[in-house]
Amino acid sequence: EYGRAGLMSRKNQVYPIGFKLKVLKSICRDSLSLREARLRFNIPSDSIIIKWKKDFANFGLEGLKLKPKGRPKSMSDFKDKKSKSEKPLTREEELLLENEALRCEIDYLKKLQALIQAEEKAKNRKS
């Protein structure tokens, strides 16, 4: 049931922080494109992942905790979602997630730096 109907049903889903971090880590570790990550994790839109990347880059782990803007459609929806929310992370779990996220960011920056250096070498050879 992961066809179009499956994707559409996830449109307004609130994703847990652990899931967001897992997606971002997979993108970093496996060098996934946005499309590949979206398909692997059944996310309806590239823009969702782009927002997570931006939030994480600007605010770190706190950025991934940000709630969606706006208000619930009705108070009954809000009460249902609140009761189903996952239990809060312990301080140790938060720190472990942050460490993983920082390692991923460092790996990403190393790959980016290596790519820049390779491009510069290639440019210098042509000159």
# chains A, B, ... in the order shown; residues from 1 in each chain; ligands from 1
>>> residues_around(residues="Glu94 (chain A)", least_positions_apart="6", cutoff="12 Å", atoms="only C-alpha atoms", output="VMD selection string")
chain A and resid 17 to 18 21 60 to 62 64 to 65 88 100 to 101
>>> write_last_selection(atoms="N, CA, C and O atoms", output="PDB file, in the first residue's frame")
ATOM      1  N   ILE A  17      11.679  13.147  15.499  1.00  0.00           N
ATOM      2  CA  ILE A  17      13.045  13.642  15.320  1.00  0.00           C
ATOM      3  C   ILE A  17      13.999  12.520  14.914  1.00  0.00           C
ATOM      4  O   ILE A  17      14.877  12.711  14.078  1.00  0.00           O
ATOM      5  N   GLY A  18      13.822  11.339  15.499  1.00  0.00           N
ATOM      6  CA  GLY A  18      14.700  10.212  15.171  1.00  0.00           C
ATOM      7  C   GLY A  18      14.600   9.830  13.701  1.00  0.00           C
ATOM      8  O   GLY A  18      15.605   9.508  13.065  1.00  0.00           O
ATOM      9  N   LEU A  21      16.396  12.494  11.569  1.00  0.00           N
ATOM     10  CA  LEU A  21      17.841  12.327  11.667  1.00  0.00           C
ATOM     11  C   LEU A  21      18.296  11.111  10.860  1.00  0.00           C
ATOM     12  O   LEU A  21      19.326  11.163  10.175  1.00  0.00           O
ATOM     13  N   GLY A  60      20.715  22.921  14.373  1.00  0.00           N
ATOM     14  CA  GLY A  60      21.150  21.637  14.894  1.00  0.00           C
ATOM     15  C   GLY A  60      19.967  20.759  15.246  1.00  0.00           C
ATOM     16  O   GLY A  60      18.911  20.838  14.627  1.00  0.00           O
ATOM     17  N   LEU A  61      20.151  19.940  16.266  1.00  0.00           N
ATOM     18  CA  LEU A  61      19.111  19.002  16.680  1.00  0.00           C
ATOM     19  C   LEU A  61      17.829  19.728  17.078  1.00  0.00           C
ATOM     20  O   LEU A  61      16.737  19.238  16.820  1.00  0.00           O
ATOM     21  N   GLU A  62      17.961  20.905  17.672  1.00  0.00           N
ATOM     22  CA  GLU A  62      16.774  21.695  18.050  1.00  0.00           C
ATOM     23  C   GLU A  62      15.924  22.023  16.830  1.00  0.00           C
ATOM     24  O   GLU A  62      14.708  22.081  16.915  1.00  0.00           O
ATOM     25  N   LEU A  64      15.368  20.229  14.289  1.00  0.00           N
ATOM     26  CA  LEU A  64      14.552  19.086  13.883  1.00  0.00           C
ATOM     27  C   LEU A  64      13.363  18.893  14.817  1.00  0.00           C
ATOM     28  O   LEU A  64      12.420  18.198  14.492  1.00  0.00           O
ATOM     29  N   LYS A  65      13.408  19.526  15.990  1.00  0.00           N
ATOM     30  CA  LYS A  65      12.311  19.402  16.954  1.00  0.00           C
ATOM     31  C   LYS A  65      11.193  20.395  16.680  1.00  0.00           C
ATOM     32  O   LYS A  65      10.124  20.278  17.240  1.00  0.00           O
ATOM     33  N   PRO A  88       9.450  11.584  25.462  1.00  0.00           N
ATOM     34  CA  PRO A  88      10.591  12.473  25.240  1.00  0.00           C
ATOM     35  C   PRO A  88      11.916  11.729  25.391  1.00  0.00           C
ATOM     36  O   PRO A  88      12.008  10.738  26.129  1.00  0.00           O
ATOM     37  N   GLU A 100      25.804  11.863  16.569  1.00  0.00           N
ATOM     38  CA  GLU A 100      25.646  11.241  15.257  1.00  0.00           C
ATOM     39  C   GLU A 100      25.446  12.295  14.179  1.00  0.00           C
ATOM     40  O   GLU A 100      26.022  12.214  13.097  1.00  0.00           O
ATOM     41  N   ALA A 101      24.617  13.283  14.493  1.00  0.00           N
ATOM     42  CA  ALA A 101      24.335  14.339  13.521  1.00  0.00           C
ATOM     43  C   ALA A 101      25.598  15.134  13.205  1.00  0.00           C
ATOM     44  O   ALA A 101      25.871  15.460  12.041  1.00  0.00           O
TER      45      ALA A 101
END
>>> closest_residue(among="A:Ile49, A:Arg91, A:Ala118, A:Arg125", to="Ser26 (chain A)", atoms="only C-alpha atoms")
A:Ile49
>>> closest_residue(among="A:Gln117, A:Ile27, A:Arg40, A:Ile106", to="Lys53 (chain A)", atoms="only C-alpha atoms")
A:Ile27
>>> atom_distance(atom1="CA of Lys111 (chain A)", atom2="CA of Ser31 (chain A)")
9.8 Å
>>> atom_distance(atom1="CA of Phe41 (chain A)", atom2="CA of Thr90 (chain A)")
25.4 Å
>>> closest_residue(among="A:Leu95, A:Leu39, A:Ala114, A:Leu89", to="Pro16 (chain A)", atoms="only C-alpha atoms")
A:Leu89
>>> atom_distance(atom1="CA of Leu97 (chain A)", atom2="CA of Asp30 (chain A)")
18.1 Å
>>> select_by_dssp(residues="region 17-122 of chain A", states="alpha helix (DSSP H)", output="MDAnalysis selection string")
chainID A and resid 17:30 34:41 46:59 61:65 75:84 91:122
>>> residues_around(residues="Ile50 (chain A)", least_positions_apart="3", cutoff="12 Å", atoms="only C-alpha atoms", output="VMD selection string")
chain A and resid 20 23 to 24 27 33 to 35 37 to 38 43 45 to 47 53 to 57 64
